[in-house]
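Asks: Pasting a structure here, questions to come.
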Amino acid sequence: MDFSDSPIDAAFRQEVRDFIARELPDDFRAAADVVLGVGIGEDERERDWLRTLAKRGWVAPAWPKEYGGAGLGVMQQFVFNEEMARAMAPRPNFLPIGLAGPTIIVHGTEDQKREHLSGILSGETFWCQGFSEPGSGSDLASLQTRAVADGDDFVINGQKIWTSGAHRAQRMMLLARTDADAPKHKGISYFLLDMKSPGVTVRPLTNLADTPSFNEVFFDNVRVPKQDLLGELNRGWYVATTTLDFERSGIINGVSLQQLVRQIADVARNGRRRDAGWPSVRYEIVERAIEAEVAIMMSYRVVIMQANGVIPNQEASITKLFASELAQRIARTAVKTIGLFGQLTEGSPRAPLDGKFDAWYRIAVGSTIAGGTSEIQRGVIAQRGLGLPRG
Ligand SMILES: Cc1cc2nc3c(=O)[nH]c(=O)nc-3n(C[C@H](O)[C@H](O)[C@H](O)COP(=O)(O)OP(=O)(O)OC[C@H]3O[C@@H](n4cnc5c(N)ncnc54)[C@H](O)[C@@H]3O)c2cc1C
């Protein structure tokens, strides 16, 4: 197996490295965002970084050039993502850039593309994903939020839950049932909801790390204009699978996990922990380093399939499952490495890396649930990968 870049990809890798060395200030590196899932675009410094990336189309390198992206092929997107992760460069927020924008590019009308894409690229419009409901997560197609046609609008009633970023979003990718009598996958439509519409109520849910992350969202006779329907009426499930494919393939980057392990090793090398537990900690760090290499190999497999025009299926599930469970193991190793200091939170003067280990530990719990649980991924691997009968 030859892992070296082609001459074109090698030149591109160097271009990205030079760009990062020149443009990214050392003190502006978001080491933890692979676990914390924090995107950027909220303060002026982050917007500056977005503007710097935007000059080259690198806010959304995968988007076609005509929509403000860089139109990179699969291999160069991979090289770009690897180098950004290696440099711990802050990433534009995944929800608008990685999910909403690409779904609108695939399924939107020209008017919808004109209306929404530029605000996503500039960081002015933040999007949330209104898919899950209290009774519909893994079995998403059973969702019950209703949309009823009324004149030029649809009228929405119902509730979403676990909606990441809804408290700061201007728009929502919303799934609602438009035909209650059709089979469950065939009566759903996909809307681009304006979060300021009267009747939308957002109630924050505090996550384990005490950060405002996800929310409950309630709809009480919310009117959505018909031009905000994305794709065809009652065919929203097929639009949603586009969003879910982008989500599954973009969730965790192996190189980012490797950077976390390196940070743990740095802290361990310079720390004072040499008690009876130290030998087992050393071994754990080594295990995590090897596993991070494995995660990188898995993502190579997926990207090489994509570059050859093959759509990864159980391979994407394997990668998501392994990387998300590894993120949790890395978080546990991080906390174990520094012993009781691992419980110190952000702001404490004795907390290594300003309490990030504690935050990773608590936030990583959600990584095996978000974007499809580990059990669901195992089901995909069992049936589609190994041909096993249903459980
Ligand atoms: C950090 C985080 C962020 C999230 N952000 C968003 C968001 O922005 N937008 C959004 O719409 N949703 C979001 N979610 C919700 C997420 O998509 C759901 O939590 C997930 O799909 C699981 O659904 P559920 O919580 O309803 O659990 P359920 O589907 O009720 O599952 C409960 C348990 O049963 C198991 N189970 C269910 N079905 C099967 C099966 N067929 N075989 C084996 N086991 C099964 C599951 O694995 C799980 O252990 C987020 C979740 C988290 C943790």
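Residue numbering restarts at 1 in every chain; chains get A, B, ... in the order shown in the structure tokens, and ligands count up from 1 in that same order.
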So which residues touch A:Asp153 within 9 Å, counting only C-alpha atoms, skipping near sequence neighbours fewer than 2 positions away, as an MDAnalysis selection string?
Replies: chainID A and resid 148:151 155 223:227
Asks: If you count only C-alpha atoms, which residues fall within 12 Å of A:Thr211, apart from same-chain ones fewer than 4 positions away, as a list in words?
Replies: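 Once the adjacent positions are removed, what remains is Leu36, Gly37, Val38, Ser164, Gly165, His167, Pro204, Leu205, Thr206, Asn207, Asn215, Glu346, Ala359, Arg362 and Ile363 of chain A.
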Asks: Generate the output file for the selected residues, N, CA and C atoms, as a compact mmCIF listing (two decimals), in the first residue's frame.
Replies:
```
# COMPACT_ATOMS: atom_id res chain seq x y z
N LEU A 36 -15.63 18.38 21.59
CA LEU A 36 -16.63 19.33 22.07
C LEU A 36 -17.63 19.70 20.98
N GLY A 37 -17.25 19.48 19.73
CA GLY A 37 -18.18 19.78 18.64
C GLY A 37 -18.48 21.25 18.50
N VAL A 38 -17.57 22.11 18.95
CA VAL A 38 -17.83 23.54 18.91
C VAL A 38 -17.38 24.09 17.58
N SER A 164 -29.14 20.72 18.50
CA SER A 164 -27.89 21.42 18.81
C SER A 164 -27.93 22.82 18.19
N GLY A 165 -27.54 23.81 19.01
CA GLY A 165 -27.38 25.18 18.50
C GLY A 165 -28.67 25.91 18.19
N HIS A 167 -30.51 27.53 20.02
CA HIS A 167 -30.57 28.79 20.78
C HIS A 167 -29.84 29.93 20.05
N PRO A 204 -33.63 25.81 26.22
CA PRO A 204 -32.31 25.19 26.31
C PRO A 204 -32.30 23.97 27.22
N LEU A 205 -31.49 22.97 26.83
CA LEU A 205 -31.22 21.82 27.69
C LEU A 205 -29.73 21.91 28.04
N THR A 206 -29.39 21.84 29.30
CA THR A 206 -27.97 21.93 29.67
C THR A 206 -27.36 20.55 29.59
N ASN A 207 -26.20 20.44 28.92
CA ASN A 207 -25.59 19.12 28.78
C ASN A 207 -24.72 18.79 30.00
N ASN A 215 -31.21 21.76 22.65
CA ASN A 215 -32.45 22.43 23.07
C ASN A 215 -33.66 21.57 22.75
N GLU A 346 -12.49 24.31 33.85
CA GLU A 346 -11.97 25.52 33.22
C GLU A 346 -11.87 26.67 34.22
N ALA A 359 -13.71 18.60 30.46
CA ALA A 359 -14.78 18.87 29.48
C ALA A 359 -14.88 17.75 28.45
N ARG A 362 -16.71 14.67 29.86
CA ARG A 362 -18.16 14.73 30.00
C ARG A 362 -18.88 14.83 28.65
N ILE A 363 -18.28 15.59 27.73
CA ILE A 363 -18.94 15.78 26.43
C ILE A 363 -18.86 14.53 25.57
```
Asks: Which residues are near ligand 1 in this structure, taking near to mean any atom at most 10 Å from a ligand atom and counting only C-alpha atoms and all ligand atoms? Format them as number ranges by chain.
Replies: A: 35-37, 95, 127-140, 160-166, 172-175, 207-208, 213-216, 244, 363-380, 390-391
Asks: Skipping near chain neighbours, those fewer than 6 positions away, what residues fall within 8 Å of A:Ala147 using only C-alpha atoms, listed as a count of residues only?
Replies: 7
Asks: For A:Asn234, work out the shell of residues within 8 Å, counting only C-alpha atoms and skipping chain neighbours fewer than 3 positions away, then give it as a PyMOL selection string.
Replies: chain A and resi 177-179+186-189+237
Asks: Could you go through stretch 15-119 of chain A and tell me which residues DSSP, when run on the backbone, assigns to alpha helix (DSSP H), listing them as a ChimeraX atom specification?
Replies: /A:15-23,33-36,44-54,74-86,94,101-107,110-119
Asks: Run DSSP on the backbone and grab whatever in stretch 80-329 of chain A lands in strand (DSSP E or B); send it over as JSON, numbers by chain.
Replies: {"A": [92, 127, 128, 129, 130, 133, 136, 146, 147, 148, 149, 150, 153, 154, 155, 156, 157, 158, 159, 160, 171, 172, 173, 174, 175, 176, 177, 188, 189, 190, 191, 192, 193, 194, 200, 201, 202, 203, 204, 205, 206, 212, 213, 214, 215, 216, 217, 218, 219, 220, 221, 222, 223, 224, 225, 229, 230, 235]}
Asks: Expressed in Å to a single decimal, how great is the separation between atom CA of A:Thr319 and atom CA of A:Glu293?
Replies: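 It comes out at 12.2 Å.
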Asks: Skip A:Gly73 itself and residues of its chain fewer than 6 positions away, then list as a PyMOL selection string all residues within 10 Å of it, counting only C-alpha atoms.
Replies: chain A and resi 61-64+306-307
Asks: Hey, can you spit out that residue selection with C-alpha atoms as a JSON list (two decimals), in the first residue's frame?
Replies:
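Output below, filename part.json:
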```json
[["chain", "number", "residue", "atom", "x", "y", "z"],
["A", 61, "PRO", "CA", -13.71, 23.51, 0.38],
["A", 62, "ALA", "CA", -16.08, 20.77, -0.80],
["A", 63, "TRP", "CA", -18.68, 23.15, -2.25],
["A", 64, "PRO", "CA", -18.55, 23.93, -5.98],
["A", 306, "GLN", "CA", -15.16, 7.93, -2.53],
["A", 307, "ALA", "CA", -12.31, 9.02, -4.83]]
```
Asks: Go ahead and compute the interatomic distance for atom CA of A:Ala327 and atom CA of A:Arg288, in Å to one decimal.
Replies: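 Distance between the two atoms: 9.4 Å.
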Asks: Would you kindly return, as a list in words, each protein, DNA or RNA residue with an atom no farther than 8 Å from any atom of stretch 120-124 of chain A, considering only C-alpha atoms and excluding same-chain residues fewer than 4 positions away?
Replies: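 Within the cut-off, the hits are Gly41, Arg47, Leu50, Arg51, Ala54, Val59, Ala60, Gly68, Pro96, Ile97, Gly101 and His116 of chain A.
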Asks: If you keep N, CA, C and O atoms, can you produce a file of those selected residues as a CSV table (one decimal), in the first residue's frame?
Replies:
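Heads up, here's the output in result-v2.csv:
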```
chain,number,residue,atom,x,y,z
A,41,GLY,N,-17.7,31.3,14.6
A,41,GLY,CA,-18.4,32.2,13.9
A,41,GLY,C,-19.2,33.2,14.8
A,41,GLY,O,-19.9,34.0,14.4
A,47,ARG,N,-14.8,35.4,13.1
A,47,ARG,CA,-15.3,35.8,11.8
A,47,ARG,C,-14.1,36.2,10.9
A,47,ARG,O,-14.1,36.0,9.7
A,50,LEU,N,-12.8,33.2,9.4
A,50,LEU,CA,-13.7,32.8,8.3
A,50,LEU,C,-13.4,33.6,7.1
A,50,LEU,O,-13.4,33.0,6.0
A,51,ARG,N,-13.2,34.9,7.3
A,51,ARG,CA,-13.0,35.7,6.1
A,51,ARG,C,-11.7,35.4,5.4
A,51,ARG,O,-11.6,35.3,4.2
A,54,ALA,N,-12.3,32.3,3.6
A,54,ALA,CA,-13.2,32.5,2.5
A,54,ALA,C,-12.5,33.0,1.2
A,54,ALA,O,-12.9,32.7,0.1
A,59,VAL,N,-13.7,28.1,3.4
A,59,VAL,CA,-14.7,27.9,4.4
A,59,VAL,C,-15.4,26.6,4.1
A,59,VAL,O,-15.7,25.8,5.0
A,60,ALA,N,-15.7,26.4,2.9
A,60,ALA,CA,-16.4,25.2,2.4
A,60,ALA,C,-15.7,24.6,1.2
A,60,ALA,O,-16.1,24.7,0.1
A,68,GLY,N,-19.2,29.5,-4.0
A,68,GLY,CA,-18.3,30.1,-3.0
A,68,GLY,C,-17.4,29.1,-2.4
A,68,GLY,O,-16.6,29.5,-1.4
A,96,PRO,N,-24.1,24.3,9.7
A,96,PRO,CA,-24.4,25.1,8.4
A,96,PRO,C,-23.5,24.7,7.2
A,96,PRO,O,-24.0,24.4,6.1
A,97,ILE,N,-22.1,24.6,7.5
A,97,ILE,CA,-21.2,24.3,6.4
A,97,ILE,C,-21.2,22.9,5.9
A,97,ILE,O,-21.2,22.6,4.7
A,101,GLY,N,-25.7,23.6,4.0
A,101,GLY,CA,-25.3,24.1,2.7
A,101,GLY,C,-25.2,23.0,1.7
A,101,GLY,O,-25.8,23.1,0.6
A,116,HIS,N,-29.7,31.4,0.6
A,116,HIS,CA,-29.1,30.9,1.9
A,116,HIS,C,-27.6,30.7,1.9
A,116,HIS,O,-27.0,30.8,2.9
```
Asks: What is the distance between atom CA of A:Leu193 and atom CA of A:Leu99, in Å to one decimal?
Replies: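 Going from atom CA of A:Leu193 over to atom CA of A:Leu99 covers 14.8 Å.
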Asks: Identify which of the residues A:Phe218, A:Pro312, A:Ile338, A:Ala240 lies closest to A:Ala268, counting only C-alpha atoms when measuring atom-to-atom distances.
Replies: A:Ile338
Asks: Given only C-alpha atoms as the basis, pick out the residue of A:Glu287, A:Asp5, A:Asp48, A:Glu66 nearest to A:Phe78.
Replies: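 Closest candidate: A:Asp5.
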Asks: Restricting the calculation to only C-alpha atoms: of A:Leu143, A:Val202, A:Met297, A:Val79, which residue gets closest to A:Asp220?
Replies: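 Among the listed residues, A:Val202 lies closest to A:Asp220.
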